[in-house]
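Participant: You'll find my_file.cif just under this line, and it carries mmCIF, C-alpha atoms.
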data_final
loop_
_atom_site.label_atom_id
_atom_site.label_comp_id
_atom_site.auth_asym_id
_atom_site.auth_seq_id
_atom_site.Cartn_x
_atom_site.Cartn_y
_atom_site.Cartn_z
CA ARG A 1 -28.71 -5.22 -17.41
CA GLY A 2 -28.42 -5.11 -21.17
CA LEU A 3 -28.02 -1.33 -21.34
CA GLY A 4 -25.41 -1.61 -24.03
CA LEU A 5 -26.32 1.45 -26.04
CA THR A 6 -26.04 4.22 -23.52
CA GLY A 7 -23.86 2.27 -21.16
CA ARG A 8 -25.51 4.08 -18.23
CA ARG A 9 -22.59 6.48 -18.08
CA HIS A 10 -22.64 9.13 -20.79
CA SER A 11 -19.97 11.32 -19.20
CA CYS A 12 -21.84 14.38 -20.38
CA GLY A 13 -19.23 16.77 -19.14
CA PRO A 14 -16.57 17.24 -16.49
CA SER A 15 -17.61 17.38 -12.85
CA LEU A 16 -17.57 20.98 -11.77
CA HIS A 17 -15.70 21.72 -8.57
CA THR A 18 -15.99 25.05 -6.87
CA GLY A 19 -12.93 24.39 -4.73
CA THR A 20 -11.07 26.87 -2.56
CA GLY A 21 -7.95 27.50 -4.61
CA HIS A 22 -6.70 30.66 -2.88
CA LYS A 23 -7.26 29.22 0.57
CA SER A 24 -5.47 26.03 -0.39
CA GLU A 25 -2.47 27.96 -1.68
CA ALA A 26 -2.30 29.98 1.53
CA LYS A 27 -2.44 26.82 3.62
CA MET A 28 0.27 25.20 1.51
CA SER A 29 2.54 28.22 1.91
CA LYS A 30 2.14 28.17 5.67
CA LEU A 31 2.87 24.46 5.78
CA ARG A 32 6.03 24.89 3.74
CA GLU A 33 7.17 27.63 6.11
CA ARG A 34 6.52 25.33 9.06
CA THR A 35 8.46 22.53 7.40
CA THR A 36 11.49 24.76 6.93
CA SER A 37 11.29 26.28 10.40
CA ALA A 38 10.90 22.83 11.93
CA GLY A 39 14.35 22.02 10.56
CA TYR A 40 13.29 18.95 8.65
CA SER A 41 16.54 19.12 6.75
CA SER A 42 19.61 21.27 6.50
CA CYS A 43 19.36 20.63 2.78
CA ASP A 44 15.76 21.58 2.03
CA SER A 45 16.79 24.16 -0.56
CA ASP A 46 18.40 23.15 -3.83
CA THR A 47 20.70 26.15 -3.97
CA ASP A 48 24.43 26.36 -3.55
CA SER A 49 24.30 29.31 -1.17
CA SER A 50 22.67 27.74 1.92
CA ASN A 51 24.61 29.30 4.77
CA ASP A 52 24.36 26.35 7.15
CA PHE A 53 24.96 23.55 4.66
CA VAL A 54 28.37 21.88 4.54
CA PHE A 55 29.07 19.83 1.43
CA TYR A 56 29.61 16.17 2.13
CA LYS A 57 32.91 16.27 0.27
CA ASP A 58 34.10 18.77 2.89
CA ARG A 59 33.00 16.77 5.94
CA GLU A 60 35.75 14.91 7.78
CA GLU A 61 33.44 12.08 8.80
CA TRP A 62 32.81 11.31 5.13
CA ALA A 63 36.47 11.29 4.07
CA ASP A 64 36.46 7.49 3.80
CA VAL A 65 33.72 7.50 1.16
CA GLU A 66 34.40 7.91 -2.54
CA PRO A 67 31.41 9.70 -4.12
CA VAL A 68 29.78 8.01 -7.11
CA PRO A 69 28.79 10.49 -9.84
CA GLN A 70 25.70 9.94 -11.94
CA ASP A 71 26.43 7.93 -15.06
CA ASP A 72 24.72 9.61 -18.02
CA GLY A 73 26.52 7.46 -20.57
CA PRO A 74 29.27 8.36 -23.05
CA SER A 75 27.20 10.82 -25.10
CA PRO A 76 24.59 12.45 -22.83
CA VAL A 77 21.86 14.47 -24.52
CA VAL A 78 20.07 17.35 -22.80
CA GLN A 79 21.72 16.81 -19.42
CA ILE A 80 19.90 18.06 -16.34
CA ALA A 81 21.65 21.07 -14.82
CA TYR A 82 21.84 19.82 -11.23
CA SER A 83 23.09 22.26 -8.62
CA ALA A 84 26.43 21.57 -6.93
CA LYS A 85 24.59 20.74 -3.73
CA PHE A 86 22.31 18.24 -5.46
CA LYS A 87 25.28 16.54 -7.13
CA ASP A 88 27.17 16.41 -3.85
CA VAL A 89 24.32 14.83 -1.88
CA TYR A 90 23.35 12.31 -4.52
CA ASP A 91 26.94 11.36 -5.35
CA TYR A 92 27.38 10.35 -1.70
CA PHE A 93 23.97 8.70 -1.60
CA ARG A 94 24.89 6.52 -4.57
CA ALA A 95 28.10 5.62 -2.74
CA VAL A 96 26.38 4.45 0.45
CA LEU A 97 23.73 2.67 -1.59
CA GLN A 98 26.45 0.85 -3.51
CA ARG A 99 28.13 -0.11 -0.22
CA ASP A 100 24.78 -0.94 1.39
CA GLU A 101 25.86 1.12 4.37
CA ARG A 102 23.07 1.15 6.93
CA SER A 103 24.48 3.59 9.43
CA GLU A 104 23.45 6.69 11.34
CA ARG A 105 25.31 8.94 8.94
CA ALA A 106 23.64 7.24 5.98
CA TYR A 107 20.26 7.84 7.66
CA HIS A 108 20.97 11.57 7.90
CA LEU A 109 22.17 11.55 4.30
CA THR A 110 18.81 10.17 3.18
CA THR A 111 17.16 13.06 5.01
CA ASP A 112 19.05 15.52 2.83
CA ALA A 113 18.48 13.45 -0.32
CA ALA A 114 14.73 13.19 0.31
CA ALA A 115 14.52 16.93 0.98
CA LEU A 116 16.13 17.67 -2.38
CA ASN A 117 13.92 15.17 -4.22
CA PRO A 118 10.96 13.91 -2.16
CA ALA A 119 9.78 11.79 -5.10
CA ASN A 120 12.89 9.60 -5.19
CA TYR A 121 11.56 6.13 -4.38
CA THR A 122 15.03 4.61 -3.89
CA VAL A 123 15.90 7.14 -1.19
CA TRP A 124 12.78 6.35 0.84
CA HIS A 125 13.22 2.61 0.36
CA PHE A 126 16.84 2.69 1.52
CA ARG A 127 15.86 4.93 4.43
CA ARG A 128 13.40 2.26 5.60
CA LEU A 129 16.11 -0.40 5.37
CA ILE A 130 18.31 1.77 7.59
CA ILE A 131 15.46 2.36 10.06
CA SER A 132 14.99 -1.40 10.40
CA ALA A 133 18.72 -2.11 10.63
CA LEU A 134 19.28 0.50 13.35
CA ASP A 135 15.97 -0.29 15.08
CA LYS A 136 15.09 3.38 15.04
CA ASP A 137 11.92 4.78 16.60
CA VAL A 138 9.16 4.43 13.98
CA LYS A 139 6.93 6.94 15.76
CA GLU A 140 9.73 9.49 15.65
CA GLU A 141 10.14 8.86 11.92
CA LEU A 142 6.41 9.44 11.43
CA ARG A 143 6.62 12.71 13.35
CA HIS A 144 9.70 13.61 11.33
CA THR A 145 7.80 13.27 8.05
CA ASN A 146 4.48 14.81 9.17
CA GLU A 147 5.21 18.21 7.70
CA VAL A 148 6.86 16.68 4.64
CA VAL A 149 3.63 14.94 3.60
CA LYS A 150 1.72 18.17 4.14
CA SER A 151 4.22 20.13 2.05
CA HIS A 152 4.20 17.47 -0.69
CA PRO A 153 0.67 16.07 -0.39
CA LYS A 154 0.59 14.58 -3.89
CA ASN A 155 3.84 12.70 -3.52
CA TYR A 156 3.13 8.97 -3.78
CA GLN A 157 6.50 7.97 -2.29
CA ILE A 158 5.99 9.73 1.05
CA TRP A 159 2.50 8.25 1.44
CA HIS A 160 3.91 4.80 0.71
CA HIS A 161 6.70 5.44 3.22
CA ARG A 162 4.16 6.17 5.93
CA LYS A 163 2.13 3.11 4.97
CA CYS A 164 5.17 0.89 5.41
CA LEU A 165 5.93 2.49 8.78
CA ILE A 166 2.36 2.06 10.01
CA MET A 167 2.39 -1.58 8.89
CA LYS A 168 5.61 -2.08 10.85
CA LEU A 169 4.07 -0.41 13.89
CA GLY A 170 0.72 -2.20 13.61
CA ALA A 171 -1.32 0.78 14.85
CA PRO A 172 -3.09 3.65 13.04
CA LEU A 173 -1.95 6.43 15.41
CA ASP A 174 -3.24 9.78 14.06
CA GLU A 175 -3.04 8.90 10.38
CA LEU A 176 -6.76 9.41 9.85
CA LYS A 177 -6.45 12.94 11.19
CA LEU A 178 -3.41 13.51 8.97
CA SER A 179 -5.40 12.58 5.88
CA THR A 180 -8.19 14.88 7.06
CA ASP A 181 -5.72 17.76 7.39
CA VAL A 182 -4.32 17.13 3.91
CA LEU A 183 -7.79 16.82 2.38
CA SER A 184 -8.75 20.13 3.96
CA MET A 185 -6.15 21.69 1.62
CA ASP A 186 -7.37 19.79 -1.43
CA ALA A 187 -10.46 17.61 -1.07
CA LYS A 188 -9.66 15.82 -4.33
CA ASN A 189 -6.16 14.60 -3.47
CA TYR A 190 -6.15 11.06 -4.85
CA HIS A 191 -3.15 9.93 -2.79
CA ALA A 192 -4.68 11.13 0.47
CA TRP A 193 -7.98 9.38 -0.31
CA GLN A 194 -6.21 6.17 -1.24
CA TYR A 195 -4.22 6.27 2.00
CA ARG A 196 -7.33 7.10 4.02
CA GLN A 197 -9.20 4.13 2.58
CA TRP A 198 -6.27 1.86 3.42
CA ILE A 199 -6.10 3.12 7.01
CA ILE A 200 -9.86 2.73 7.47
CA THR A 201 -10.07 -0.81 6.10
CA THR A 202 -6.86 -2.02 7.77
CA PHE A 203 -7.80 -0.81 11.24
CA GLN A 204 -11.62 -0.82 10.88
CA LEU A 205 -11.99 2.90 11.51
CA TRP A 206 -15.44 3.22 9.96
CA GLU A 207 -17.09 5.14 12.79
CA GLY A 208 -17.81 8.72 11.80
CA GLU A 209 -16.63 8.36 8.20
CA LEU A 210 -20.06 8.86 6.68
CA SER A 211 -20.50 12.00 8.78
CA TYR A 212 -17.15 13.25 7.51
CA VAL A 213 -18.25 12.66 3.92
CA ASN A 214 -21.55 14.45 4.56
CA ALA A 215 -19.65 17.45 5.89
CA LEU A 216 -17.56 17.56 2.71
CA LEU A 217 -20.68 17.40 0.55
CA ASP A 218 -22.32 20.14 2.60
CA GLU A 219 -19.28 22.27 1.84
CA ASP A 220 -19.12 21.32 -1.84
CA ILE A 221 -21.92 19.19 -3.27
CA LEU A 222 -19.94 18.84 -6.52
CA ASN A 223 -16.99 17.12 -4.81
CA ASN A 224 -16.70 13.92 -6.80
CA SER A 225 -14.09 12.50 -4.40
CA ALA A 226 -16.52 12.80 -1.49
CA TRP A 227 -19.20 11.00 -3.51
CA ASN A 228 -16.69 8.30 -4.32
CA GLN A 229 -15.81 7.94 -0.62
CA ARG A 230 -19.48 7.68 0.25
CA TYR A 231 -19.86 4.79 -2.19
CA PHE A 232 -16.73 3.19 -0.72
CA VAL A 233 -18.12 3.36 2.83
CA VAL A 234 -21.59 2.15 1.90
CA SER A 235 -20.49 -0.68 -0.41
CA THR A 236 -17.61 -1.89 1.75
CA HIS A 237 -18.96 -1.41 5.25
CA LEU A 238 -22.70 -0.80 5.38
CA LYS A 239 -23.52 -2.99 2.35
CA PHE A 240 -26.36 -2.35 -0.09
CA THR A 241 -29.31 -3.89 1.70
CA ASP A 242 -32.81 -2.88 0.59
CA ASN A 243 -33.00 -0.43 3.46
CA ILE A 244 -29.62 1.13 2.64
CA ILE A 245 -30.54 1.40 -1.05
CA ASP A 246 -33.70 3.32 -0.12
CA LYS A 247 -31.76 5.63 2.18
CA GLU A 248 -29.08 6.31 -0.42
CA MET A 249 -31.66 6.89 -3.15
CA ASN A 250 -33.46 9.43 -0.97
CA PHE A 251 -30.21 11.14 -0.01
CA THR A 252 -28.97 11.36 -3.60
CA LEU A 253 -32.24 12.55 -5.10
CA GLU A 254 -32.45 15.24 -2.45
CA CYS A 255 -28.95 16.41 -3.45
CA ILE A 256 -29.99 16.38 -7.11
CA ARG A 257 -33.01 18.53 -6.26
CA LYS A 258 -30.58 21.08 -4.82
CA LEU A 259 -28.40 21.05 -7.94
CA CYS A 260 -29.78 19.13 -10.90
CA ASP A 261 -26.79 19.34 -13.22
CA ASN A 262 -24.43 17.60 -10.78
CA GLU A 263 -22.73 14.77 -12.66
CA SER A 264 -21.24 13.30 -9.48
CA ALA A 265 -24.64 12.86 -7.86
CA TRP A 266 -26.14 11.29 -10.98
CA ASN A 267 -23.24 8.84 -11.26
CA TYR A 268 -23.70 7.95 -7.60
CA LEU A 269 -27.40 7.36 -8.29
CA ARG A 270 -26.43 5.00 -11.10
CA GLY A 271 -24.12 3.17 -8.73
CA VAL A 272 -26.87 2.70 -6.16
CA LEU A 273 -29.34 1.53 -8.82
CA ASP A 274 -26.75 -1.00 -10.01
CA GLN A 275 -27.23 -2.68 -6.63
CA TYR A 276 -31.03 -2.73 -7.00
CA GLU A 277 -32.13 -6.28 -7.85
CA SER A 278 -34.85 -5.22 -10.29
CA PRO A 279 -34.57 -3.00 -13.40
CA MET A 280 -33.93 0.60 -12.40
CA SER A 281 -37.04 1.79 -14.24
CA THR A 282 -39.13 -0.19 -11.73
CA TYR A 283 -37.70 1.55 -8.66
CA PRO A 284 -40.68 3.00 -6.72
CA SER A 285 -41.56 6.61 -7.55
CA LEU A 286 -38.32 7.21 -9.52
CA SER A 287 -40.31 7.92 -12.69
CA ASP A 288 -42.40 10.54 -10.89
CA THR A 289 -39.27 12.13 -9.43
CA LEU A 290 -37.68 12.39 -12.87
CA ASP A 291 -40.83 14.02 -14.25
CA GLU A 292 -40.79 16.46 -11.34
CA LEU A 293 -37.15 17.34 -12.01
CA TYR A 294 -37.78 17.73 -15.74
CA LYS A 295 -40.58 20.22 -15.12
CA LYS A 296 -38.25 22.20 -12.87
CA ASP A 297 -35.15 22.05 -15.08
CA PRO A 298 -35.92 20.84 -18.63
CA LYS A 299 -32.47 21.77 -19.92
CA SER A 300 -30.27 19.85 -17.50
CA THR A 301 -27.73 17.80 -19.44
CA GLN A 302 -27.32 15.27 -16.66
CA LEU A 303 -31.06 14.84 -16.14
CA LEU A 304 -31.84 14.32 -19.82
CA SER A 305 -28.92 11.96 -20.20
CA PHE A 306 -30.27 9.86 -17.34
CA MET A 307 -33.80 9.96 -18.75
CA VAL A 308 -32.51 8.49 -22.02
CA GLU A 309 -31.02 5.63 -20.00
CA PHE A 310 -34.20 5.31 -17.94
CA ASN A 311 -36.33 4.93 -21.07
CA GLU A 312 -33.86 2.49 -22.55
CA ASP A 313 -34.17 0.42 -19.38
CA LYS A 314 -37.93 0.35 -19.85
CA LEU A 315 -37.49 -0.84 -23.43
CA GLU A 316 -34.82 -3.39 -22.54
CA ASN A 317 -36.93 -4.96 -19.82
CA ASP A 318 -40.20 -4.72 -21.75
CA HIS A 319 -41.64 -2.45 -19.11
CA ALA A 320 -45.11 -1.21 -20.13
CA PRO A 321 -45.08 -3.12 -23.50
CA GLY A 322 -48.17 -1.32 -24.75
CA GLU A 323 -46.30 1.97 -24.49
CA LYS A 324 -43.14 0.78 -26.23
CA GLN A 325 -43.26 3.18 -29.17
CA ASN A 326 -44.17 6.13 -26.96
CA ILE A 327 -41.27 5.35 -24.61
CA LEU A 328 -38.88 5.07 -27.54
CA GLN A 329 -40.13 8.31 -29.07
CA GLU A 330 -39.62 10.08 -25.76
CA ALA A 331 -36.02 8.80 -25.61
CA ILE A 332 -35.47 9.98 -29.21
CA ASN A 333 -36.86 13.38 -28.29
CA PHE A 334 -34.46 13.65 -25.36
CA CYS A 335 -31.56 12.74 -27.67
CA SER A 336 -32.71 15.42 -30.09
CA GLN A 337 -32.95 18.02 -27.35
CA LEU A 338 -29.44 17.13 -26.16
CA SER A 339 -27.87 17.16 -29.62
CA VAL A 340 -29.55 20.32 -30.91
CA GLU A 341 -29.96 22.56 -27.86
CA ILE A 342 -28.13 21.46 -24.71
CA ASP A 343 -25.14 19.22 -25.30
CA THR A 344 -24.20 20.27 -28.81
CA ILE A 345 -20.53 19.39 -28.36
CA ARG A 346 -21.69 15.75 -28.34
CA GLU A 347 -24.18 16.19 -31.17
CA GLU A 348 -22.89 13.20 -33.12
CA TYR A 349 -22.90 11.02 -30.01
CA TRP A 350 -26.56 11.70 -29.30
CA LYS A 351 -27.45 11.12 -32.94
CA TYR A 352 -25.67 7.78 -32.70
CA ILE A 353 -27.63 6.85 -29.55
CA SER A 354 -30.86 7.85 -31.28
CA ARG A 355 -30.09 5.70 -34.33
CA SER A 356 -29.06 2.76 -32.14
CA LEU A 357 -32.23 2.89 -30.06
CA THR A 358 -34.35 3.14 -33.19
CA ALA A 359 -32.59 0.20 -34.85
CA LYS A 360 -33.01 -1.99 -31.78
CA TYR A 361 -36.50 -1.09 -30.59
CA GLY A 362 -38.21 0.99 -33.25
CA ASN A 363 -40.32 0.78 -36.37
CA ALA A 364 -41.13 3.08 -39.26
CA GLU A 365 -43.42 5.23 -37.12
CA VAL A 366 -40.63 6.46 -34.85
CA MET A 367 -39.24 9.90 -35.69
CA GLU A 368 -35.45 9.67 -35.62
CA ILE A 369 -33.07 12.64 -35.40
CA PRO A 370 -32.03 13.68 -38.92
CA ALA A 371 -28.46 12.68 -39.74
#
Please rewrite the model in this file as structure tokens.

Facilitator:
Amino acid sequence: RGLGLTGRRHSCGPSLHTGTGHKSEAKMSKLRERTTSAGYSSCDSDTDSSNDFVFYKDREEWADVEPVPQDDGPSPVVQIAYSAKFKDVYDYFRAVLQRDERSERAYHLTTDAAALNPANYTVWHFRRLIISALDKDVKEELRHTNEVVKSHPKNYQIWHHRKCLIMKLGAPLDELKLSTDVLSMDAKNYHAWQYRQWIITTFQLWEGELSYVNALLDEDILNNSAWNQRYFVVSTHLKFTDNIIDKEMNFTLECIRKLCDNESAWNYLRGVLDQYESPMSTYPSLSDTLDELYKKDPKSTQLLSFMVEFNEDKLENDHAPGEKQNILQEAINFCSQLSVEIDTIREEYWKYISRSLTAKYGNAEVMEIPA
């Protein structure tokens, strides 16, 4: 729309997130306890003193395998001090990987290897090859890794592992609920959101998703991830028809009235207006709403930033040509207020915007911010 100066996204500060840090930590601790008690692995602790762990080198059934130590080269620098258990497990894993042994014992070995390092992509990949070769129960594997994903919710490899299993199965099972559980611990978990979006689009599980997002925003109106998910649902599923645009504008402005300096809500508003066919400054009653908000909160960084963009849109689209200089002066005044009083950390940025607007739309009568 030609808004090259302000770019319609000033990024006037980080999104604030109230969060529930202590609650999340408590939930994570409980989940880790459940993972251990569920016996996910006899090797879930990287210590050499696990009472029930028998080293692979001491197991009779592994006597035929020659372990393959890690090759750090002839002159290793700053070697990692792996525990004896870690070395033992991964030396045997490298051996079966080298032999491409897709057996039951190799499957159990990958369980121990993944427990010691859940982020090891090769372990999960080889485990899937074994699952396919042995025609193992995919549902059982999903149940087996349920607590793992909850204990390591920001581990890309385990989410990808589940995605591959679900694709093999061809059914969503309870994966949507799983992502809900994980997001209840941390509503901004990128991996969980990415997985949730994949599950929804792959199996068309749109019903109730907007209500879920609304519940998250009721809990934390600053939750940028929830705003992002709302845009995903509306743009991908509902589509931005005129009716939907009006509904989303009303919803977003109402949220802004509750908390004016909410960057997430303002960015969502920009996203909705991007879908509006006409210039955003012509959207019905938006100008009046901005004036109302300004009277209520004249020192909101996000509001003033948007009002600079709003005035630029008027200038760009020659809206109210007879008022051009007044509109420009108002934008300059907002820039001045931001640079001098409100958003002083970006003082030079707002001075730059002021100079750019003046150079493009102004004349000698316009009062620019002093350099």

Participant: Find the distance between atom CA of Tyr268 of chain A and atom CA of Trp350 of chain A and write it in Å to one decimal.

Facilitator: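 Computed distance, atom CA of Tyr268 of chain A to atom CA of Trp350 of chain A, equals 22.2 Å.
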
Participant: Using the chain letters and numbers from the file, which residues does the PyMOL selection byres ((chain A and resi 190-202) around 9) grab, as a list in words?

Facilitator: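 That expression, the PyMOL selection byres ((chain A and resi 190-202) around 9), corresponds here to Pro153, Lys154, Asn155, Tyr156, Trp159, His160, Lys163, Pro172, Glu175, Leu176, Leu178, Ser179, Thr180, Val182, Leu183, Ala187, Lys188, Asn189, Phe203, Gln204, Leu205, Trp206, Glu209, Ser225, Gln229, Phe232, Val233, Thr236 and His237 of chain A.
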
Participant: Would you output that residue set with C-alpha atoms, as a JSON list (two decimals), in the coordinates of the input?

Facilitator:
[["chain", "number", "residue", "atom", "x", "y", "z"],
["A", 153, "PRO", "CA", 0.67, 16.07, -0.39],
["A", 154, "LYS", "CA", 0.59, 14.58, -3.89],
["A", 155, "ASN", "CA", 3.84, 12.70, -3.52],
["A", 156, "TYR", "CA", 3.13, 8.97, -3.78],
["A", 159, "TRP", "CA", 2.50, 8.25, 1.44],
["A", 160, "HIS", "CA", 3.91, 4.80, 0.71],
["A", 163, "LYS", "CA", 2.13, 3.11, 4.97],
["A", 172, "PRO", "CA", -3.09, 3.65, 13.04],
["A", 175, "GLU", "CA", -3.04, 8.90, 10.38],
["A", 176, "LEU", "CA", -6.76, 9.41, 9.85],
["A", 178, "LEU", "CA", -3.41, 13.51, 8.97],
["A", 179, "SER", "CA", -5.40, 12.58, 5.88],
["A", 180, "THR", "CA", -8.19, 14.88, 7.06],
["A", 182, "VAL", "CA", -4.32, 17.13, 3.91],
["A", 183, "LEU", "CA", -7.79, 16.82, 2.38],
["A", 187, "ALA", "CA", -10.46, 17.61, -1.07],
["A", 188, "LYS", "CA", -9.66, 15.82, -4.33],
["A", 189, "ASN", "CA", -6.16, 14.60, -3.47],
["A", 203, "PHE", "CA", -7.80, -0.81, 11.24],
["A", 204, "GLN", "CA", -11.62, -0.82, 10.88],
["A", 205, "LEU", "CA", -11.99, 2.90, 11.51],
["A", 206, "TRP", "CA", -15.44, 3.22, 9.96],
["A", 209, "GLU", "CA", -16.63, 8.36, 8.20],
["A", 225, "SER", "CA", -14.09, 12.50, -4.40],
["A", 229, "GLN", "CA", -15.81, 7.94, -0.62],
["A", 232, "PHE", "CA", -16.73, 3.19, -0.72],
["A", 233, "VAL", "CA", -18.12, 3.36, 2.83],
["A", 236, "THR", "CA", -17.61, -1.89, 1.75],
["A", 237, "HIS", "CA", -18.96, -1.41, 5.25]]

Participant: So what does the PyMOL selection byres ((chain A and resi 342) around 12) actually pick up in this one, as a PyMOL selection string?

Facilitator: chain A and resi 12-13+261+297-305+334-341+343-347+350

Participant: Set the distance at 8 Å and use all atoms listed in the file: which residues neighbour Tyr92 of chain A once local chain neighbours fewer than 2 positions away are removed? I'd like the list as an mmCIF file with C-alpha atoms, in the frame of the given file.

Facilitator:
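Result file is selection.cif:
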data_model
loop_
_atom_site.group_PDB
_atom_site.id
_atom_site.type_symbol
_atom_site.label_atom_id
_atom_site.label_comp_id
_atom_site.auth_asym_id
_atom_site.auth_seq_id
_atom_site.Cartn_x
_atom_site.Cartn_y
_atom_site.Cartn_z
ATOM 1 C CA TYR A 56 29.610 16.170 2.130
ATOM 2 C CA VAL A 65 33.720 7.500 1.160
ATOM 3 C CA GLU A 66 34.400 7.910 -2.540
ATOM 4 C CA PRO A 67 31.410 9.700 -4.120
ATOM 5 C CA VAL A 68 29.780 8.010 -7.110
ATOM 6 C CA ASP A 88 27.170 16.410 -3.850
ATOM 7 C CA VAL A 89 24.320 14.830 -1.880
ATOM 8 C CA TYR A 90 23.350 12.310 -4.520
ATOM 9 C CA ARG A 94 24.890 6.520 -4.570
ATOM 10 C CA ALA A 95 28.100 5.620 -2.740
ATOM 11 C CA VAL A 96 26.380 4.450 0.450
#

Participant: What is the atom CA of Lys247 of chain A to atom CA of Asp186 of chain A distance in Å?

Facilitator: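 Spanning atom CA of Lys247 of chain A to atom CA of Asp186 of chain A is a straight-line distance of 28.4 Å.
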
Participant: In terms of the shortest atom-to-atom distance over only C-alpha atoms, which of A:Thr145, A:Tyr283, A:Leu269, A:Leu328 is closest to Ser356 of chain A?

Facilitator: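 The shortest atom-to-atom distance to Ser356 of chain A comes from A:Leu328.
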
Participant: Let me make sure I understand: among A:Glu207, A:Glu60, A:Glu292, A:Glu140, which one has the smallest atom-to-atom distance to Ile256 of chain A if we use only C-alpha atoms?

Facilitator: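 Selected residue with least distance to Ile256 of chain A: A:Glu292.
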
Participant: Grab the atom CA of Ala265 of chain A to atom CA of Asp246 of chain A distance for me, in Å with one decimal place.

Facilitator: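 Interatomic distance here is 15.3 Å.
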
Participant: May I ask which of the residues A:Ser264, A:Gln275, A:Ser103, A:Asn228 is the closest one to Asn243 of chain A, counting all atoms listed in the file?

Facilitator: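 For Asn243 of chain A, the nearest of the given residues is A:Gln275.
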
Participant: What's around segment 120-131 of chain A at 7 Å? Count all atoms listed in the file, leave out sequence neighbours fewer than 5 positions away in its own chain, and write the answer as a ChimeraX atom specification.

Facilitator: /A:102-103,107,110,113-114,136,157,161

Participant: Expand the PyMOL selection byres ((chain A and resi 143) around 12) into the explicit residue set it covers here, and present it as a VMD selection string.

Facilitator: chain A and resid 35 38 40 137 to 142 144 to 150 162 165 to 166 173 to 175 178

Participant: Compare A:Leu253, A:Phe86, A:Leu286, A:Asp64 by their minimum atom-to-atom distance to Arg99 of chain A, counting all atoms listed in the file, and give me the closest one.

Facilitator: A:Asp64

Participant: Adding 8 Å on each side of the box along x, y and z that holds all listed atoms of segment 299-314 of chain A, could you give its centre and edge lengths in Å to one decimal, as JSON?

Facilitator:
{"center_x": -32.6, "center_y": 11.1, "center_z": -19.3, "size_x": 26.6, "size_y": 37.4, "size_z": 22.4}

Participant: Between A:Pro69, A:Ser285, A:Pro76, A:Ala215, which residue has the minimum interatomic distance to Asp91 of chain A, considering only C-alpha atoms?

Facilitator: A:Pro69

Participant: From the options A:Val234, A:Leu210, A:Leu259, A:Met307, which residue's atoms come nearest to Gly271 of chain A, counting only C-alpha atoms?

Facilitator: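 Once distances to Gly271 of chain A are computed over only C-alpha atoms, the minimum belongs to A:Val234.
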
Participant: Using the partial input, fill out segment 217-226 of chain A with N, CA, C and O atoms; write the result as a tab-separated table (two decimals), in the frame of the given file.

Facilitator:
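The file below, rebuild-v5.tsv, is the result:
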chain	number	residue	atom	x	y	z
A	217	LEU	N	-19.65	17.12	1.55
A	217	LEU	CA	-20.68	17.40	0.55
A	217	LEU	C	-21.50	18.64	0.91
A	217	LEU	O	-21.97	19.34	0.02
A	218	ASP	N	-21.66	18.90	2.19
A	218	ASP	CA	-22.32	20.14	2.60
A	218	ASP	C	-21.50	21.35	2.18
A	218	ASP	O	-22.04	22.39	1.81
A	219	GLU	N	-20.18	21.18	2.22
A	219	GLU	CA	-19.28	22.27	1.84
A	219	GLU	C	-19.21	22.42	0.33
A	219	GLU	O	-19.14	23.53	-0.19
A	220	ASP	N	-19.22	21.30	-0.38
A	220	ASP	CA	-19.12	21.32	-1.84
A	220	ASP	C	-19.85	20.11	-2.40
A	220	ASP	O	-19.29	19.02	-2.45
A	221	ILE	N	-21.09	20.30	-2.81
A	221	ILE	CA	-21.92	19.19	-3.27
A	221	ILE	C	-21.42	18.60	-4.59
A	221	ILE	O	-21.80	17.49	-4.99
A	222	LEU	N	-20.49	19.30	-5.25
A	222	LEU	CA	-19.94	18.84	-6.52
A	222	LEU	C	-18.66	18.01	-6.33
A	222	LEU	O	-18.07	17.56	-7.31
A	223	ASN	N	-18.25	17.81	-5.09
A	223	ASN	CA	-16.99	17.12	-4.81
A	223	ASN	C	-17.09	15.64	-5.16
A	223	ASN	O	-17.59	14.82	-4.39
A	224	ASN	N	-16.59	15.29	-6.33
A	224	ASN	CA	-16.70	13.92	-6.80
A	224	ASN	C	-15.96	12.93	-5.90
A	224	ASN	O	-16.37	11.79	-5.73
A	225	SER	N	-14.85	13.38	-5.30
A	225	SER	CA	-14.09	12.50	-4.40
A	225	SER	C	-14.91	12.13	-3.17
A	225	SER	O	-14.82	11.00	-2.66
A	226	ALA	N	-15.68	13.08	-2.66
A	226	ALA	CA	-16.52	12.80	-1.49
A	226	ALA	C	-17.62	11.81	-1.86
A	226	ALA	O	-17.95	10.91	-1.08
